[in-house]
Structure formats: structure tokens, C-alpha cells
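**Student:** The file below is target-v3.cif, mmCIF, C-alpha atoms and all ligand atoms:
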data_coords
#
loop_
_atom_site.label_atom_id
_atom_site.label_comp_id
_atom_site.auth_asym_id
_atom_site.auth_seq_id
_atom_site.Cartn_x
_atom_site.Cartn_y
_atom_site.Cartn_z
CA MET Q 151 90.78 133.54 81.23
CA SER Q 152 87.06 132.87 80.67
CA CYS Q 153 84.85 131.47 83.35
CA TYR Q 154 81.20 130.46 83.60
CA LEU Q 155 78.78 131.99 86.08
CA ASN Q 156 75.05 131.33 86.20
CA GLY Q 157 74.39 130.95 82.48
CA ARG Q 158 77.10 133.26 81.09
CA PHE Q 159 80.68 132.89 79.93
CA LEU Q 160 82.72 135.94 80.91
CA PRO Q 161 86.24 137.01 81.88
CA LEU Q 162 87.16 135.69 85.32
CA ALA Q 163 87.87 139.22 86.59
CA ASP Q 164 84.29 140.24 85.75
CA ALA Q 165 82.59 137.36 87.59
CA LYS Q 166 80.71 138.69 90.61
CA VAL Q 167 78.50 136.95 93.17
CA PRO Q 168 76.32 138.63 95.82
CA ALA Q 169 77.99 138.97 99.23
CA LEU Q 170 75.10 137.06 100.81
CA ASP Q 171 75.67 134.00 98.64
CA ARG Q 172 75.56 131.08 101.04
CA GLY Q 173 78.77 129.77 99.52
CA PHE Q 174 80.49 132.91 100.84
CA VAL Q 175 78.62 133.26 104.15
CA PHE Q 176 78.36 129.59 105.18
CA GLY Q 177 80.64 127.62 102.85
CA ASP Q 178 77.32 126.09 101.77
CA GLY Q 179 78.31 124.45 98.51
CA VAL Q 180 80.08 121.58 96.78
CA TYR Q 181 82.71 121.35 94.07
CA GLU Q 182 84.56 119.16 91.61
CA LEU Q 183 87.93 119.40 89.95
CA VAL Q 184 88.21 117.75 86.56
CA PRO Q 185 91.58 117.29 84.86
CA VAL Q 186 91.53 117.97 81.11
CA TYR Q 187 94.23 116.54 78.86
CA SER Q 188 94.58 117.95 75.32
CA ARG Q 189 91.08 119.50 75.73
CA LYS Q 190 89.52 116.14 76.71
CA PRO Q 191 87.99 115.97 80.19
CA PHE Q 192 89.20 112.87 82.03
CA ARG Q 193 86.46 110.66 83.51
CA LEU Q 194 83.90 113.47 83.30
CA ASP Q 195 80.92 111.21 83.95
CA ASP Q 196 82.55 109.91 87.14
CA HIS Q 197 83.13 113.49 88.31
CA LEU Q 198 79.51 114.40 87.50
CA ARG Q 199 78.30 111.32 89.37
CA ARG Q 200 80.37 112.32 92.40
CA LEU Q 201 79.01 115.89 92.09
CA GLN Q 202 75.49 114.44 92.19
CA GLY Q 203 76.42 112.51 95.34
CA SER Q 204 77.77 115.67 96.97
CA LEU Q 205 74.64 117.64 96.00
CA ASP Q 206 72.43 114.87 97.39
CA GLY Q 207 74.55 114.91 100.56
CA ILE Q 208 73.81 118.61 101.15
CA ARG Q 209 70.18 118.43 99.95
CA LEU Q 210 70.67 120.72 96.98
CA ALA Q 211 68.92 119.93 93.68
CA ASN Q 212 71.29 119.56 90.73
CA PRO Q 213 70.73 122.66 88.57
CA HIS Q 214 71.74 120.82 85.37
CA GLU Q 215 71.17 117.55 83.56
CA VAL Q 216 74.32 115.56 82.80
CA SER Q 217 74.03 116.52 79.10
CA GLU Q 218 73.88 120.22 80.04
CA TRP Q 219 76.95 119.89 82.24
CA HIS Q 220 78.74 118.26 79.30
CA GLU Q 221 77.87 121.13 76.96
CA LEU Q 222 78.86 123.82 79.45
CA ILE Q 223 82.14 122.15 80.33
CA VAL Q 224 83.08 121.53 76.69
CA GLU Q 225 82.38 125.19 75.91
CA LEU Q 226 84.46 126.36 78.88
CA ILE Q 227 87.35 124.13 77.76
CA ASP Q 228 87.12 125.46 74.17
CA LEU Q 229 87.29 129.06 75.40
CA GLN Q 230 90.72 128.62 77.02
CA ASP Q 231 93.96 129.15 75.13
CA PHE Q 232 95.74 126.24 76.86
CA ALA Q 233 95.07 122.54 76.19
CA ASP Q 234 95.79 120.82 79.53
CA GLN Q 235 93.39 122.22 82.07
CA SER Q 236 92.07 121.83 85.53
CA VAL Q 237 88.36 122.67 85.45
CA TYR Q 238 86.90 123.76 88.77
CA ILE Q 239 83.12 123.39 89.16
CA GLN Q 240 81.29 124.86 92.15
CA VAL Q 241 77.61 124.83 93.04
CA THR Q 242 76.47 126.80 96.08
CA ARG Q 243 73.01 127.23 97.59
CA GLY Q 244 72.90 130.79 96.23
CA ALA Q 245 71.87 134.08 97.80
CA PRO Q 246 68.59 134.56 99.69
CA ALA Q 247 65.87 136.31 97.70
CA GLU Q 248 64.35 139.73 98.55
CA GLY Q 249 62.31 139.48 101.71
CA GLN Q 250 64.14 136.37 102.95
CA PRO Q 251 66.39 136.60 106.04
CA PRO Q 252 69.87 137.64 104.85
CA ARG Q 253 71.57 134.98 106.97
CA ASP Q 254 69.65 132.03 108.26
CA HIS Q 255 71.10 128.57 108.84
CA ALA Q 256 67.87 126.92 107.70
CA LEU Q 257 67.74 126.00 104.01
CA PRO Q 258 66.01 128.78 102.06
CA LYS Q 259 63.12 127.99 99.71
CA GLY Q 260 62.95 129.02 96.07
CA VAL Q 261 66.57 130.17 95.80
CA GLN Q 262 68.56 129.65 92.60
CA PRO Q 263 71.88 127.88 93.21
CA THR Q 264 75.03 129.64 92.04
CA VAL Q 265 76.97 127.71 89.40
CA PHE Q 266 80.55 128.81 88.88
CA MET Q 267 83.26 127.18 86.78
CA PHE Q 268 86.71 128.23 85.72
CA ALA Q 269 89.72 126.57 84.12
CA GLN Q 270 93.41 126.91 84.95
CA PRO Q 271 96.41 125.39 83.21
CA LEU Q 272 96.87 121.88 84.59
CA VAL Q 273 100.24 121.54 86.23
CA THR Q 274 101.21 117.95 86.96
CA ALA Q 275 104.47 116.74 88.47
CA SER Q 276 107.55 116.73 86.25
CA PRO Q 277 109.52 113.49 85.73
CA ALA Q 278 112.21 114.94 88.06
CA GLN Q 279 109.64 115.57 90.81
CA LYS Q 280 108.25 112.06 90.34
CA ALA Q 281 111.75 110.60 90.55
CA ALA Q 282 112.41 112.48 93.80
CA GLY Q 283 109.06 111.82 95.48
CA VAL Q 284 107.70 114.06 98.22
CA CYS Q 285 107.65 114.17 102.01
CA ALA Q 286 104.53 114.13 104.16
CA VAL Q 287 103.59 114.67 107.78
CA SER Q 288 100.87 112.87 109.70
CA ALA Q 289 98.05 114.39 111.74
CA ALA Q 290 94.87 113.39 113.50
CA ASP Q 291 91.92 113.68 111.13
CA ASN Q 292 89.80 116.30 112.89
CA ARG Q 293 87.26 116.83 110.10
CA TRP Q 294 83.53 116.22 110.26
CA LEU Q 295 82.01 112.79 109.56
CA ARG Q 296 80.86 113.51 105.98
CA CYS Q 297 84.24 113.60 104.27
CA ASP Q 298 82.61 111.77 101.33
CA ILE Q 299 80.93 115.08 100.39
CA LYS Q 300 83.23 117.27 98.28
CA ALA Q 301 82.20 120.38 100.21
CA THR Q 302 83.62 123.85 99.57
CA SER Q 303 83.90 124.34 103.33
CA LEU Q 304 87.50 123.12 103.46
CA LEU Q 305 88.76 124.87 106.58
CA ALA Q 306 89.90 121.68 108.28
CA ASN Q 307 91.62 120.42 105.10
CA ILE Q 308 93.35 123.78 104.62
CA LEU Q 309 94.70 123.85 108.18
CA LEU Q 310 95.79 120.23 107.92
CA ARG Q 311 97.54 120.84 104.58
CA GLN Q 312 99.28 123.86 106.08
CA GLN Q 313 100.94 121.58 108.65
CA ALA Q 314 102.64 119.87 105.70
CA VAL Q 315 103.57 123.19 104.09
CA ASP Q 316 105.04 124.43 107.40
CA ALA Q 317 107.25 121.31 107.42
CA GLU Q 318 108.19 121.94 103.75
CA CYS Q 319 106.30 118.82 102.75
CA ALA Q 320 103.65 118.12 100.13
CA GLU Q 321 100.87 116.43 102.06
CA THR Q 322 99.37 115.62 105.44
CA VAL Q 323 98.47 111.96 105.91
CA MET Q 324 95.46 111.73 108.19
CA LEU Q 325 94.69 109.10 110.79
CA ARG Q 326 91.43 108.66 112.64
CA ASP Q 327 91.08 106.29 115.60
CA GLY Q 328 94.32 104.56 114.65
CA PHE Q 329 93.43 104.05 110.97
CA LEU Q 330 94.41 105.77 107.72
CA THR Q 331 91.73 107.96 106.16
CA GLU Q 332 93.29 110.05 103.37
CA GLY Q 333 95.45 113.08 102.62
CA ALA Q 334 94.36 116.69 103.14
CA ALA Q 335 93.65 116.88 99.39
CA SER Q 336 94.46 113.39 98.10
CA ASN Q 337 93.94 109.69 98.71
CA ILE Q 338 96.70 107.62 100.28
CA PHE Q 339 97.80 104.11 99.26
CA VAL Q 340 100.17 101.76 101.11
CA VAL Q 341 102.34 99.02 99.61
CA LYS Q 342 103.43 96.19 101.91
CA ASP Q 343 105.14 92.96 100.81
CA GLY Q 344 104.14 93.57 97.19
CA VAL Q 345 100.46 94.14 97.96
CA LEU Q 346 98.79 97.48 97.22
CA LEU Q 347 96.48 98.49 100.07
CA ALA Q 348 93.73 101.11 99.88
CA PRO Q 349 91.39 102.23 102.66
CA PRO Q 350 87.75 101.33 101.95
CA PRO Q 351 85.42 104.11 100.73
CA SER Q 352 83.26 105.38 103.58
CA ASN Q 353 81.91 108.60 105.08
CA LEU Q 354 85.43 109.19 106.45
CA MET Q 355 87.06 109.90 103.08
CA LEU Q 356 86.46 111.21 99.61
CA THR Q 357 86.68 108.43 97.03
CA GLY Q 358 88.98 109.95 94.43
CA ILE Q 359 88.47 109.44 90.74
CA THR Q 360 92.23 108.80 90.62
CA TYR Q 361 91.80 106.27 93.50
CA ASP Q 362 89.25 104.39 91.36
CA VAL Q 363 91.51 104.45 88.29
CA VAL Q 364 94.50 103.17 90.31
CA LEU Q 365 92.46 100.23 91.63
CA GLU Q 366 91.11 99.48 88.14
CA LEU Q 367 94.64 99.49 86.76
CA ALA Q 368 95.85 97.23 89.59
CA ALA Q 369 93.04 94.76 88.77
CA ALA Q 370 93.63 94.93 85.01
CA HIS Q 371 97.37 94.34 85.34
CA GLY Q 372 97.33 91.61 87.98
CA ILE Q 373 98.87 93.72 90.73
CA PRO Q 374 97.95 92.15 94.08
CA HIS Q 375 95.75 94.58 95.97
CA ALA Q 376 93.27 94.79 98.81
CA VAL Q 377 90.73 97.40 99.88
CA ARG Q 378 90.59 97.27 103.67
CA ALA Q 379 91.16 99.27 106.83
CA ILE Q 380 94.86 100.19 107.20
CA SER Q 381 96.27 100.70 110.68
CA GLU Q 382 98.66 103.46 111.68
CA ALA Q 383 101.33 100.79 112.30
CA GLU Q 384 100.93 99.61 108.68
CA VAL Q 385 101.27 103.17 107.42
CA ARG Q 386 104.46 103.64 109.46
CA SER Q 387 105.99 100.34 108.34
CA ALA Q 388 104.94 100.63 104.69
CA ASP Q 389 107.35 99.65 101.92
CA GLU Q 390 105.76 102.40 99.80
CA LEU Q 391 103.31 105.20 100.44
CA TRP Q 392 101.56 107.08 97.62
CA MET Q 393 99.33 110.08 97.36
CA THR Q 394 96.90 110.24 94.45
CA SER Q 395 94.70 113.01 93.08
CA SER Q 396 93.61 114.54 89.79
CA THR Q 397 96.47 117.02 89.90
CA ARG Q 398 99.18 114.98 91.70
CA GLU Q 399 98.28 111.77 89.81
CA VAL Q 400 100.38 109.00 91.44
CA MET Q 401 103.08 110.52 93.64
CA ALA Q 402 105.40 108.58 95.94
CA ILE Q 403 105.74 109.78 99.52
CA VAL Q 404 109.34 109.01 100.45
CA LYS Q 405 109.41 110.42 104.00
CA LEU Q 406 106.71 110.51 106.65
CA ASP Q 407 107.31 112.69 109.72
CA GLY Q 408 111.00 112.80 108.80
CA VAL Q 409 111.32 108.99 108.66
CA PRO Q 410 112.15 107.37 105.30
CA VAL Q 411 109.34 105.28 103.81
CA GLY Q 412 110.82 101.92 102.76
CA ALA Q 413 114.10 102.64 100.99
CA GLY Q 414 113.40 106.41 101.09
CA VAL Q 415 113.01 106.63 97.31
CA PRO Q 416 109.97 106.07 95.04
CA GLY Q 417 109.35 102.34 95.08
CA PRO Q 418 109.01 99.99 92.09
CA LEU Q 419 105.24 99.70 92.33
CA ALA Q 420 104.77 103.51 92.43
CA GLN Q 421 106.86 103.79 89.29
CA ARG Q 422 104.93 101.01 87.59
CA MET Q 423 101.55 102.48 88.54
CA ASP Q 424 102.58 105.94 87.37
CA ALA Q 425 103.62 104.47 84.02
CA LEU Q 426 100.31 102.57 83.74
CA TYR Q 427 98.42 105.74 84.63
CA GLN Q 428 100.25 107.79 81.98
CA THR Q 429 99.55 105.13 79.33
CA PHE Q 430 95.91 104.98 80.37
CA LYS Q 431 95.62 108.77 80.04
CA GLN Q 432 97.10 108.65 76.54
CA GLU Q 433 94.61 105.94 75.54
CA VAL Q 434 91.69 107.99 76.89
CA MET Q 435 92.92 111.04 75.00
CA ARG Q 436 93.15 109.12 71.74
CA ALA Q 437 89.71 107.50 72.13
N1 LIG E 1 91.08 117.22 95.73
N2 LIG E 1 90.53 113.41 99.03
C1 LIG E 1 90.44 114.75 99.19
C2 LIG E 1 90.13 115.30 100.54
C3 LIG E 1 90.62 115.60 98.08
O1 LIG E 1 90.50 116.93 98.23
C4 LIG E 1 90.93 115.03 96.81
C5 LIG E 1 91.16 115.87 95.59
C6 LIG E 1 91.04 113.63 96.71
C7 LIG E 1 91.36 112.94 95.41
O2 LIG E 1 90.29 113.01 94.49
P1 LIG E 1 90.53 112.94 92.91
O3 LIG E 1 91.39 111.77 92.64
O4 LIG E 1 89.17 112.80 92.35
O5 LIG E 1 91.21 114.23 92.52
C8 LIG E 1 90.81 112.86 97.84
C9 LIG E 1 91.17 118.13 94.62
C10 LIG E 1 92.24 117.84 93.65
C11 LIG E 1 91.17 119.55 95.16
O6 LIG E 1 90.52 119.78 96.16
O7 LIG E 1 91.78 120.42 94.57
#
Let me see whether you can do it: turn the structure in this file into C-alpha cells.
Ligand code: PDD
**Tutor:**
Amino acid sequence: MSCYLNGRFLPLADAKVPALDRGFVFGDGVYELVPVYSRKPFRLDDHLRRLQGSLDGIRLANPHEVSEWHELIVELIDLQDFADQSVYIQVTRGAPAEGQPPRDHALPKGVQPTVFMFAQPLVTASPAQKAAGVCAVSAADNRWLRCDIKATSLLANILLRQQAVDAECAETVMLRDGFLTEGAASNIFVVKDGVLLAPPPSNLMLTGITYDVVLELAAAHGIPHAVRAISEAEVRSADELWMTSSTREVMAIVKLDGVPVGAGVPGPLAQRMDALYQTFKQEVMRA
């Protein structure tokens, strides 16, 4: 498996970064995860725009122009021997230079960021998994207040996701001050009385590329929808609950904290949106 590190393509096992890299010592970095279907990156410009937003959010200059990112990512994709990929892109603030303090919270000057990318086979849910749906647990969102930055420091998300894993579930649905934010690694949608509800983008959540596509598809296909704050009571009395992400796509949550969501099976709108999403992907791949 080939990866990219600071200007070179090399086998993943040979990629080495200095122990003092601030990504390692402080979690001082940002990332993206781009799904690739039949060697075509999905919504790459949207991912690169979000990467720019994350870099701006941590005051780190983007080491590449958009056109350079395109070239590097296309080359990385071409080097893999599998067609459907999940491309991980990480930019950290790099390792301090000679003569600089080895570990200092303050932002160092004149340090080259570390750019690392690798690709894995993209594993999306099977039709059987989609037909079954998944269970989720809920938890208080105890993350920081810049959840719109796709930061590599994911300790809170990891611990929150583990609560779901411990309960043999797929996701943790997070609530802050009585309102839905998102999943530990996904966005969450609610369906009530035929209306698709999505929480509004803010500093309290990461606006998913899949989230955007789902709302675009809802608008294009006349599905009633609203982007607004969603209360915990609305989450708990939802007819349907979905999680969305680049790897999970549109996945129905059929049980929350052990209680069936709606009829306890993937609802009609989840099935319709998944079908629209699959068709949309095919169209993008053919374009
Ligand atoms: N995470 N919110 C959070 C906290 C996420 O980590 C993710 C995705 C999303 C959905 O974003 P998108 O639709 O662009 O994938 C929302 C990726 C998949 C990850 O960390 O692996």
C-alpha cells in the first residue's frame, strides 16, 4: 500500500515522522477523509474547501494549492491496486527545527507542516446491513467548542464512539444543552411526520460532505426538509433517525438507547434517500 509523505510516495510501512512532530505530541493537525469510487474522488473540491477551513481554524498555512492537492491525490489513487478507496489526508504543524524548544505550546515559526496521505479499500455497508439498520446510544457532547474544525485530536470522539461499541452499537448520538449536535463520527438526521430535519451548521458540529449531499438531494427531489435546532425530545420521538458520513453513507438508526426508533426498522425516507444517494454516486462516477 503506497502512501504520500512530505513530497514522496512510498510504502506505508516505510513512512516515518519525527517523534517531536506536533501532530504526535499535541494532536496539532487537521485531516480529511475522501471517498473514492472507481478511482474517482467524490466531491474532492468540497473536501479541499473544508480542509482549508480547518487549516484556517488552527492558523496553519495550507502547504498546497488546490491544483497541487488534485495532482497528489490523483497520483495516490492511481498507485493503489483497488478501485474504491478511502483517502485519508492529514496536515500537522510539523516538528520543531534545530534550536527550537522541543515541546512548546506556542506556535513555532518557520516550521514545515507534515503532509501525510494514505488510501485504504473503501468498505461501505452491504445491502443486508442497510436493510437491518444499526443501533445507537446517546451521550452528552463533551467536546470543545470548535467541532467545525476536522482536528486530528479526536480523543473525545474516540471515547464517545467507544460508548456505542461497548453497547454493541454503531454510533453515539450527541446532545448538548438539550439539542442534537451530531454523531461521534457522523452527522445525524431526524425524520418527523414526513419532514427531514437537520441541525444547522455551527461551531458545535462538523458539516459533513454527505450531510450537504443529502440536503441537496432532498431539495432536488422535493422531499420536505428543514435545517433547524432539534431538541432531545424530537430525537427521542423521531419516526426515523439516520447517521451519514463518507463511509457510512446514509444509514438508518433503528434503536436508540435500546428503544426502537419509529417502527424499529429502516424507514421509507431512509431507503429513498439511500437510493437517491447511490444513483447520485453513479452519475458522478460516469461524469
Ligand atoms: N468522519 N461529524 C464528524 C464528527 C465526523 O467525524 C464525520 C466524518 C462527519 C461526516 O462527515 P462526512 O460526511 O464529510 O464524512 C461528521 C470521518 C468519516 C472520519 O473521521 O473517519
**Student:** Kindly compile the residues surrounding ligand LIG 1 (chain E) within 9 Å, counting all atoms listed in the file, and format them as a PyMOL selection string.
**Tutor:** chain Q and resi 181-185+196-197+200+238+297-298+300+302+304+307+332-338+355-363+393-399
**Student:** Keeping only C-alpha atoms, write the selected residues as a short mmCIF file (atom, residue, chain, number, x, y, z; two decimals), keeping the file's coordinate frame.
**Tutor:**
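Contents of selection_14.cif, as written:
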data_model
loop_
_atom_site.label_atom_id
_atom_site.label_comp_id
_atom_site.auth_asym_id
_atom_site.auth_seq_id
_atom_site.Cartn_x
_atom_site.Cartn_y
_atom_site.Cartn_z
CA TYR Q 181 82.71 121.35 94.07
CA GLU Q 182 84.56 119.16 91.61
CA LEU Q 183 87.93 119.40 89.95
CA VAL Q 184 88.21 117.75 86.56
CA PRO Q 185 91.58 117.29 84.86
CA ASP Q 196 82.55 109.91 87.14
CA HIS Q 197 83.13 113.49 88.31
CA ARG Q 200 80.37 112.32 92.40
CA TYR Q 238 86.90 123.76 88.77
CA CYS Q 297 84.24 113.60 104.27
CA ASP Q 298 82.61 111.77 101.33
CA LYS Q 300 83.23 117.27 98.28
CA THR Q 302 83.62 123.85 99.57
CA LEU Q 304 87.50 123.12 103.46
CA ASN Q 307 91.62 120.42 105.10
CA GLU Q 332 93.29 110.05 103.37
CA GLY Q 333 95.45 113.08 102.62
CA ALA Q 334 94.36 116.69 103.14
CA ALA Q 335 93.65 116.88 99.39
CA SER Q 336 94.46 113.39 98.10
CA ASN Q 337 93.94 109.69 98.71
CA ILE Q 338 96.70 107.62 100.28
CA MET Q 355 87.06 109.90 103.08
CA LEU Q 356 86.46 111.21 99.61
CA THR Q 357 86.68 108.43 97.03
CA GLY Q 358 88.98 109.95 94.43
CA ILE Q 359 88.47 109.44 90.74
CA THR Q 360 92.23 108.80 90.62
CA TYR Q 361 91.80 106.27 93.50
CA ASP Q 362 89.25 104.39 91.36
CA VAL Q 363 91.51 104.45 88.29
CA MET Q 393 99.33 110.08 97.36
CA THR Q 394 96.90 110.24 94.45
CA SER Q 395 94.70 113.01 93.08
CA SER Q 396 93.61 114.54 89.79
CA THR Q 397 96.47 117.02 89.90
CA ARG Q 398 99.18 114.98 91.70
CA GLU Q 399 98.28 111.77 89.81
#
**Student:** When distances are computed from only C-alpha atoms, which of Q:Val237, Q:Ala348, Q:Cys285, Q:Val265 shows the smallest separation from Q:Lys166?
**Tutor:**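 With only C-alpha atoms as the atom set, the closest residue is Q:Val265.
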**Student:** Can you tell me, as an NGL selection string, what residues are no more than 6 Å from stretch 378-384 of chain Q when counting all atoms listed in the file, ignoring any on the same chain fewer than 5 positions away?
**Tutor:** :Q and (328-330 or 349-350)
**Student:** To one decimal place, how far is atom CA of Q:Val415 from atom CA of Q:Met324 in Å?
**Tutor:**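 Atom CA of Q:Val415 sits 21.3 Å away from atom CA of Q:Met324.
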**Student:** What is the atom CA of Q:Asn156 to atom CA of Q:Pro263 distance in Å?
**Tutor:**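 Atom CA of Q:Asn156 sits 8.4 Å away from atom CA of Q:Pro263.
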**Student:** Excluding Q:Val224 and any residue of its chain fewer than 4 positions from it, enumerate the residues within 9 Å of it, using only C-alpha atoms, and give them as a tab-separated table (two decimals) with C-alpha atoms, in the coordinates of the input.
**Tutor:**
chain	number	residue	atom	x	y	z
Q	189	ARG	CA	91.08	119.50	75.73
Q	190	LYS	CA	89.52	116.14	76.71
Q	191	PRO	CA	87.99	115.97	80.19
Q	219	TRP	CA	76.95	119.89	82.24
Q	220	HIS	CA	78.74	118.26	79.30
Q	228	ASP	CA	87.12	125.46	74.17
Q	229	LEU	CA	87.29	129.06	75.40
**Student:** Between Q:Val411, Q:Ser152, Q:Val404, Q:Trp392, which is the closest to Q:Ala282 once you count all atoms listed in the file?
**Tutor:**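 Among the listed residues, Q:Val404 lies closest to Q:Ala282.
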**Student:** May I ask which of the residues Q:Gln270, Q:Arg293, Q:Pro277, Q:Leu346 is the closest one to Q:Cys153, counting only C-alpha atoms?
**Tutor:**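 Among the listed residues, the smallest separation from Q:Cys153 belongs to Q:Gln270.
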**Student:** List as a VMD selection string the protein and nucleic acid residues near Q:Arg422, meaning an atom at most 12 Å away when only C-alpha atoms are counted, but skip any in the same chain fewer than 6 places from it.
**Tutor:** chain Q and resid 280 346 364 367 to 368 371 373 400 to 402 416 428 to 429
**Student:** Between atom CA of Q:Tyr427 and atom CA of Q:Ser236, what is the spacing in Å?
**Tutor:**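 Taking atom CA of Q:Ser236 as the start and atom CA of Q:Tyr427 as the end point, the length is 17.3 Å.
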**Student:** Choose the residue, out of Q:Ala165, Q:Val261, Q:Leu222, Q:Val377, that has the smallest atom-to-atom separation from Q:Val345; count all atoms listed in the file.
**Tutor:** Q:Val377
**Student:** Between Q:Arg193, Q:Val323, Q:Gly173, Q:Leu198, which is the closest to Q:Met435 once you count all atoms listed in the file?
**Tutor:**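 Residue with the minimum atom-to-atom distance to Q:Met435: Q:Arg193.
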**Student:** Counting all atoms listed in the file, figure out which residue out of Q:Val340, Q:Val409, Q:Ile403, Q:Ile299 gets nearest to Q:His375.
**Tutor:**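 Result for the nearest residue to Q:His375: Q:Val340.
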**Student:** Which residues, written as a VMD selection string, have at least one atom at most 12 Å from Q:Arg172, with only C-alpha atoms counted and residues fewer than 5 positions away on the same chain left out?
**Tutor:** chain Q and resid 167 177 to 180 241 to 247 251 to 258 261 to 264 302 to 303
**Student:** Output stretch 190-210 of chain Q with N, CA and C atoms present, as a CSV table (one decimal), keeping the file's coordinate frame.
**Tutor:**
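Just written: rebuild.csv:
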chain,number,residue,atom,x,y,z
Q,190,LYS,N,90.5,117.2,76.4
Q,190,LYS,CA,89.5,116.1,76.7
Q,190,LYS,C,89.4,116.0,78.2
Q,191,PRO,N,88.2,116.2,78.8
Q,191,PRO,CA,88.0,116.0,80.2
Q,191,PRO,C,88.1,114.5,80.5
Q,192,PHE,N,88.9,114.2,81.6
Q,192,PHE,CA,89.2,112.9,82.0
Q,192,PHE,C,88.1,112.4,83.0
Q,193,ARG,N,87.5,111.3,82.6
Q,193,ARG,CA,86.5,110.7,83.5
Q,193,ARG,C,85.4,111.6,83.9
Q,194,LEU,N,84.9,112.4,83.0
Q,194,LEU,CA,83.9,113.5,83.3
Q,194,LEU,C,82.6,112.9,83.9
Q,195,ASP,N,82.2,111.8,83.4
Q,195,ASP,CA,80.9,111.2,84.0
Q,195,ASP,C,81.1,110.8,85.4
Q,196,ASP,N,82.3,110.3,85.7
Q,196,ASP,CA,82.6,109.9,87.1
Q,196,ASP,C,82.5,111.2,88.0
Q,197,HIS,N,83.1,112.2,87.5
Q,197,HIS,CA,83.1,113.5,88.3
Q,197,HIS,C,81.7,114.0,88.5
Q,198,LEU,N,80.9,113.9,87.4
Q,198,LEU,CA,79.5,114.4,87.5
Q,198,LEU,C,78.7,113.5,88.4
Q,199,ARG,N,79.0,112.2,88.5
Q,199,ARG,CA,78.3,111.3,89.4
Q,199,ARG,C,78.7,111.7,90.8
Q,200,ARG,N,80.0,112.0,91.0
Q,200,ARG,CA,80.4,112.3,92.4
Q,200,ARG,C,79.8,113.7,92.8
Q,201,LEU,N,79.7,114.6,91.8
Q,201,LEU,CA,79.0,115.9,92.1
Q,201,LEU,C,77.6,115.7,92.5
Q,202,GLN,N,76.9,114.8,91.8
Q,202,GLN,CA,75.5,114.4,92.2
Q,202,GLN,C,75.4,113.9,93.6
Q,203,GLY,N,76.4,113.1,94.0
Q,203,GLY,CA,76.4,112.5,95.3
Q,203,GLY,C,76.6,113.6,96.4
Q,204,SER,N,77.5,114.6,96.0
Q,204,SER,CA,77.8,115.7,97.0
Q,204,SER,C,76.5,116.5,97.1
Q,205,LEU,N,75.9,116.8,96.0
Q,205,LEU,CA,74.6,117.6,96.0
Q,205,LEU,C,73.6,116.9,96.8
Q,206,ASP,N,73.4,115.6,96.6
Q,206,ASP,CA,72.4,114.9,97.4
Q,206,ASP,C,72.8,115.0,98.9
Q,207,GLY,N,74.1,114.9,99.2
Q,207,GLY,CA,74.6,114.9,100.6
Q,207,GLY,C,74.2,116.2,101.3
Q,208,ILE,N,74.1,117.3,100.5
Q,208,ILE,CA,73.8,118.6,101.2
Q,208,ILE,C,72.4,119.1,100.8
Q,209,ARG,N,71.6,118.2,100.2
Q,209,ARG,CA,70.2,118.4,100.0
Q,209,ARG,C,70.0,119.6,99.0
Q,210,LEU,N,70.8,119.6,98.0
Q,210,LEU,CA,70.7,120.7,97.0
Q,210,LEU,C,70.4,120.1,95.6
